[in-house]
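Source file structure_36.txt; content: compact mmCIF, C-alpha atoms.
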```
# COMPACT_ATOMS: atom_id res chain seq x y z
CA MET Q 24 110.98 93.61 161.10
CA PHE Q 25 114.01 94.66 159.11
CA GLN Q 26 114.94 91.01 158.68
CA HIS Q 27 111.53 90.22 157.23
CA VAL Q 28 111.74 93.16 154.82
CA ARG Q 29 115.24 92.17 153.75
CA ALA Q 30 114.18 88.58 153.17
CA ALA Q 31 111.22 89.74 151.06
CA VAL Q 32 113.40 92.08 148.98
CA VAL Q 33 116.07 89.42 148.46
CA SER Q 34 113.41 86.89 147.42
CA LEU Q 35 111.90 89.40 145.02
CA LEU Q 36 115.24 90.19 143.40
CA LEU Q 37 116.25 86.53 143.21
CA LEU Q 38 112.97 85.39 141.68
CA THR Q 39 113.03 88.32 139.26
CA ALA Q 40 116.52 87.35 138.14
CA VAL Q 41 115.62 83.69 137.77
CA THR Q 42 112.14 83.86 136.27
CA GLY Q 43 112.36 87.22 134.51
CA ILE Q 44 115.87 87.06 133.09
CA ALA Q 45 117.61 83.68 133.33
CA TYR Q 46 114.62 81.47 132.45
CA PRO Q 47 113.50 83.47 129.37
CA LEU Q 48 117.10 83.60 128.10
CA VAL Q 49 117.56 79.85 128.50
CA VAL Q 50 114.22 79.01 126.85
CA THR Q 51 114.85 81.42 123.98
CA GLY Q 52 118.37 80.09 123.49
CA VAL Q 53 117.25 76.47 123.45
CA ALA Q 54 114.41 77.30 121.03
CA LYS Q 55 116.73 79.13 118.64
CA VAL Q 56 119.13 76.19 118.61
CA ALA Q 57 116.59 73.37 118.48
CA PHE Q 58 113.85 75.09 116.41
CA PRO Q 59 115.45 78.11 114.68
CA ALA Q 60 112.71 78.61 112.06
CA GLN Q 61 109.83 78.40 114.53
CA ALA Q 62 111.59 80.55 117.13
CA ASN Q 63 111.94 83.32 114.55
CA GLY Q 64 108.28 83.32 113.51
CA SER Q 65 108.25 80.60 110.82
CA LEU Q 66 109.11 83.26 108.26
CA ILE Q 67 109.02 82.55 104.53
CA VAL Q 68 111.95 84.08 102.64
CA LYS Q 69 112.01 84.45 98.87
CA ASP Q 70 114.90 86.01 96.96
CA GLY Q 71 116.38 87.21 100.22
CA LYS Q 72 113.20 89.02 101.30
CA VAL Q 73 110.66 88.03 103.92
CA VAL Q 74 107.31 87.59 102.18
CA GLY Q 75 105.26 86.29 105.07
CA SER Q 76 104.92 83.68 107.78
CA ARG Q 77 103.64 80.13 107.63
CA LEU Q 78 101.52 80.94 110.68
CA LEU Q 79 99.70 84.05 109.42
CA GLY Q 80 97.18 84.22 106.62
CA GLN Q 81 97.43 86.89 103.94
CA PRO Q 82 94.52 88.26 101.91
CA PHE Q 83 94.34 87.23 98.23
CA ASP Q 84 91.55 88.41 95.96
CA ASP Q 85 93.18 88.22 92.51
CA PRO Q 86 91.73 85.44 90.28
CA LYS Q 87 95.25 84.25 89.40
CA TYR Q 88 95.88 83.19 93.00
CA PHE Q 89 94.29 80.80 95.43
CA TRP Q 90 92.25 82.66 98.04
CA GLY Q 91 92.43 82.01 101.75
CA ARG Q 92 89.83 82.32 104.46
CA LEU Q 93 88.02 85.50 105.26
CA SER Q 94 89.27 87.55 108.17
CA ALA Q 95 86.84 88.82 110.77
CA THR Q 96 89.35 91.51 111.74
CA SER Q 97 88.59 94.93 110.33
CA PRO Q 98 89.79 96.51 108.17
CA VAL Q 99 92.56 93.97 107.47
CA PRO Q 100 93.92 90.98 109.38
CA TYR Q 101 96.87 91.53 111.67
CA THR Q 102 100.24 90.45 110.31
CA ALA Q 103 103.80 91.24 111.24
CA PHE Q 104 103.82 93.70 108.36
CA ASN Q 105 100.90 95.92 109.40
CA ALA Q 106 101.22 95.90 113.18
CA ASP Q 107 101.57 99.68 113.11
CA LYS Q 108 97.94 99.97 111.94
CA GLY Q 109 96.70 98.76 115.31
CA SER Q 110 94.69 95.88 113.90
CA GLY Q 111 94.67 92.59 115.72
CA SER Q 112 93.35 89.09 115.98
CA SER Q 113 89.65 88.71 116.65
CA GLY Q 114 86.54 86.86 115.68
CA SER Q 115 83.39 88.38 114.25
CA ASN Q 116 81.26 87.30 117.25
CA LEU Q 117 78.34 86.95 114.84
CA GLY Q 118 75.82 84.33 115.88
CA PRO Q 119 74.41 81.83 113.36
CA LEU Q 120 71.11 83.74 113.22
CA ASN Q 121 72.72 87.16 112.74
CA PRO Q 122 71.75 88.61 109.31
CA ALA Q 123 75.22 90.18 109.03
CA LEU Q 124 76.78 86.72 108.95
CA LEU Q 125 74.51 85.64 106.12
CA ASP Q 126 75.30 88.86 104.23
CA ALA Q 127 79.04 88.23 104.59
CA VAL Q 128 78.65 84.67 103.31
CA LYS Q 129 76.55 85.81 100.34
CA GLY Q 130 79.11 88.50 99.52
CA ARG Q 131 81.96 86.01 99.55
CA VAL Q 132 80.04 83.52 97.39
CA GLN Q 133 79.32 86.27 94.88
CA ALA Q 134 82.97 87.34 94.85
CA LEU Q 135 84.05 83.78 94.08
CA LYS Q 136 81.46 83.47 91.31
CA ASP Q 137 82.53 86.81 89.84
CA ALA Q 138 86.15 85.65 89.82
CA ASP Q 139 85.15 82.47 87.98
CA THR Q 140 83.14 84.43 85.45
CA GLN Q 141 86.02 86.85 84.94
CA ALA Q 142 88.31 83.89 84.29
CA GLY Q 143 85.89 82.52 81.70
CA ILE Q 144 84.66 79.44 83.54
CA THR Q 145 81.20 78.48 84.76
CA PRO Q 146 80.80 79.10 88.51
CA VAL Q 147 80.14 76.07 90.68
CA SER Q 148 77.19 76.38 93.04
CA ASN Q 149 78.57 74.31 95.94
CA VAL Q 150 81.28 76.38 97.65
CA PRO Q 151 83.36 74.86 100.48
CA VAL Q 152 82.26 76.38 103.77
CA ASP Q 153 85.73 77.54 104.84
CA LEU Q 154 85.92 79.81 101.80
CA VAL Q 155 82.84 81.77 102.85
CA THR Q 156 83.25 81.87 106.63
CA ALA Q 157 85.91 83.64 108.69
CA SER Q 158 88.40 81.86 110.88
CA GLY Q 159 88.07 82.37 114.62
CA SER Q 160 91.29 84.37 114.89
CA GLY Q 161 91.27 86.08 111.51
CA LEU Q 162 94.83 84.79 111.00
CA ASP Q 163 94.25 81.26 109.68
CA PRO Q 164 96.84 80.56 106.94
CA HIS Q 165 95.18 77.35 105.78
CA VAL Q 166 92.19 76.21 103.76
CA SER Q 167 90.85 72.72 103.32
CA PRO Q 168 91.98 70.68 100.29
CA ALA Q 169 88.39 70.95 99.01
CA ALA Q 170 88.61 74.76 99.13
CA ALA Q 171 91.87 74.73 97.19
CA LEU Q 172 90.59 72.25 94.61
CA TYR Q 173 87.43 74.33 94.16
CA GLN Q 174 89.63 77.20 92.95
CA ALA Q 175 91.95 75.10 90.78
CA PRO Q 176 89.96 75.48 87.51
CA ARG Q 177 89.90 79.29 87.85
CA VAL Q 178 93.61 79.60 88.63
CA ALA Q 179 94.48 77.13 85.86
CA LYS Q 180 92.45 79.09 83.33
CA VAL Q 181 94.02 82.44 84.24
CA ARG Q 182 97.54 81.00 84.35
CA GLY Q 183 97.20 78.94 81.19
CA LEU Q 184 97.90 75.68 83.04
CA SER Q 185 96.09 72.38 82.99
CA ALA Q 186 93.67 71.71 85.83
CA GLU Q 187 95.42 68.38 86.41
CA ARG Q 188 98.70 70.17 87.09
CA LEU Q 189 97.02 72.43 89.62
CA VAL Q 190 95.36 69.45 91.31
CA ALA Q 191 98.77 67.80 91.62
CA LEU Q 192 100.23 71.00 93.07
CA VAL Q 193 97.46 71.17 95.67
CA ALA Q 194 98.06 67.52 96.59
CA LYS Q 195 101.79 68.20 96.98
CA HIS Q 196 101.09 71.05 99.42
CA THR Q 197 98.39 69.26 101.41
CA GLU Q 198 99.45 68.68 105.01
CA GLY Q 199 98.03 65.70 106.83
CA ARG Q 200 96.66 65.50 110.34
CA GLN Q 201 99.20 66.34 113.03
CA PHE Q 202 100.58 63.10 114.48
CA GLY Q 203 98.08 61.39 112.22
CA ILE Q 204 95.11 62.09 114.52
CA LEU Q 205 94.88 65.82 115.31
CA GLY Q 206 93.05 68.33 113.12
CA GLU Q 207 92.13 67.94 109.48
CA PRO Q 208 94.15 67.90 106.24
CA ARG Q 209 94.95 71.47 105.19
CA VAL Q 210 96.73 73.58 102.60
CA ASN Q 211 98.87 76.61 103.41
CA VAL Q 212 97.60 79.25 100.97
CA LEU Q 213 100.70 81.45 100.92
CA GLU Q 214 103.06 78.54 100.33
CA LEU Q 215 100.76 77.22 97.59
CA ASN Q 216 100.70 80.59 95.82
CA LEU Q 217 104.48 80.95 96.06
CA ALA Q 218 104.89 77.49 94.53
CA LEU Q 219 102.42 78.53 91.84
CA ASP Q 220 104.55 81.55 90.95
CA GLU Q 221 107.60 79.30 90.67
CA ILE Q 222 105.83 77.18 88.05
CA ILE Q 223 104.69 80.14 86.00
CA PRO Q 224 104.94 83.78 87.09
CA ALA Q 225 101.69 85.63 87.61
CA PRO Q 226 100.47 87.38 84.45
CA GLN Q 227 101.38 91.07 84.50
CA PRO Q 228 99.22 93.87 83.09
CA PRO Q 229 100.31 95.05 79.65
CA ALA Q 230 102.80 97.89 79.60
CA PRO Q 231 101.34 101.25 78.53
CA SER Q 232 101.97 102.28 74.95
CA PRO Q 233 104.27 105.26 74.32
CA GLY Q 234 102.51 108.51 75.17
CA GLN Q 235 99.68 106.76 77.03
CA ASP Q 236 98.47 108.59 80.14
CA THR Q 237 98.95 106.26 83.13
CA THR Q 238 97.70 108.65 85.79
CA ALA Q 239 94.46 108.03 87.63
CA ALA Q 240 92.79 110.77 85.63
CA GLY Q 241 93.85 109.14 82.38
CA LYS Q 242 92.48 105.68 83.25
```

Using the file provided, produce a representation of the structure as C-alpha cells.
Amino acid sequence: MFQHVRAAVVSLLLLTAVTGIAYPLVVTGVAKVAFPAQANGSLIVKDGKVVGSRLLGQPFDDPKYFWGRLSATSPVPYTAFNADKGSGSSGSNLGPLNPALLDAVKGRVQALKDADTQAGITPVSNVPVDLVTASGSGLDPHVSPAAALYQAPRVAKVRGLSAERLVALVAKHTEGRQFGILGEPRVNVLELNLALDEIIPAPQPPAPSPGQDTTAAGK
C-alpha cells in the first residue's frame, strides 16, 4: 500500500511541476519573445503612458470623438483600469422582444441625434445597428466602417476638419477580414481617436476669466 501511495504522491508532484510550473513558464517565455505586444495585453502607449488596450473598448460620449459600441456591463465596462470596481464582462441577456432592449436602442439613437444637433449638423435617420446595440462581451473595441463614417460629419464639424479628411482617416484605420475570410471589416475606436488627436488636439473648454468662480456652486 505504501508503494501505491508513494507512486501517487510522486506522480502528483511531478505533474504539478511540469504542468503547473514548467509548462506555463515555457509558454509565457515563448509568447513574450515571439509576440511581446500581445503577451503584455496589446497595450497602447502614448507619451510614455498606457492609455488603453487594443483589445478592450473604452466609453466615448463627447461629440469631438468617435463613439464605440454600447456596453451591456453595468455601470461601466470592465477594463484593466477599473478592475478594482468589480465590474466584468457580460451581455445584457435581453431578448429581441424585451421592451428594455428597445428602450436602450431608442436612448442611444437619441444620444447620437443630440450630439449631431449640438455639433450643428442635421441628424441622419438611418443609424448603423452596431452603434445602438451592445456587444456580447461589453468589451468590443471595434465598430464597423459604416458606424465610423456615420459619425465623421459630426467629428469633422466639432474639430474644424473637412469631412473628406475624416473619411480618409477612417479608411486608413479600417482593418480587413482576418486572413481575408474571417469576420468583417472593422475600425478600432480608441486607435482612431488617438490618431484624430494627433491631427488636431481635442478642443479644450475656455479658461475661466480672472476672478471667475469655478466651483460647482459657481457654475

With all atoms listed in the file as the counted atoms, please give the residues lying no more than 8 Å from Leu215 (chain Q), apart from itself and same-chain residues fewer than 2 positions off, as number ranges by chain. Q: 89, 192-193, 196, 210-213, 217-219

For Val128 (chain Q), which of Q:Pro151, Q:Gly159, Q:Pro146, Q:Gly43 is the closest residue, counting only C-alpha atoms?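 Of the candidates, the smallest distance to Val128 (chain Q) is held by Q:Pro151.
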
Residue nearest Thr197 (chain Q) - candidates Q:Ser76, Q:Ser185, Q:Ser158, Q:Ser167, atoms counted: all atoms listed in the file: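 Counting all atoms listed in the file, the residue closest to Thr197 (chain Q) is Q:Ser167.
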
Could you work out how far CA of Arg182 (chain Q) lies from CA of Ile223 (chain Q), giving the answer in Å with one decimal?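 Computed distance, CA of Ile223 (chain Q) to CA of Arg182 (chain Q), equals 7.4 Å.
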
Separation of CA of Gln174 (chain Q) from CA of Lys195 (chain Q) in Å: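 Atom-to-atom, CA of Lys195 (chain Q) and CA of Gln174 (chain Q) are spaced 15.7 Å apart.
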
Given the choices Q:Lys87, Q:Lys72, Q:His27, Q:Lys55, which gets closest to Asn216 (chain Q) if the distance is worked out from all atoms listed in the file?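 For Asn216 (chain Q), the nearest of the candidates is Q:Lys87.
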
Taking into account only C-alpha atoms, which residue in the set Q:Ala57, Q:Val178, Q:Ala186, Q:Ala30 is nearest to Ala138 (chain Q)? Q:Val178

Give me, please, the distance in Å between CA of Ile222 (chain Q) and CA of Leu162 (chain Q), quoted to one decimal. 26.6 Å
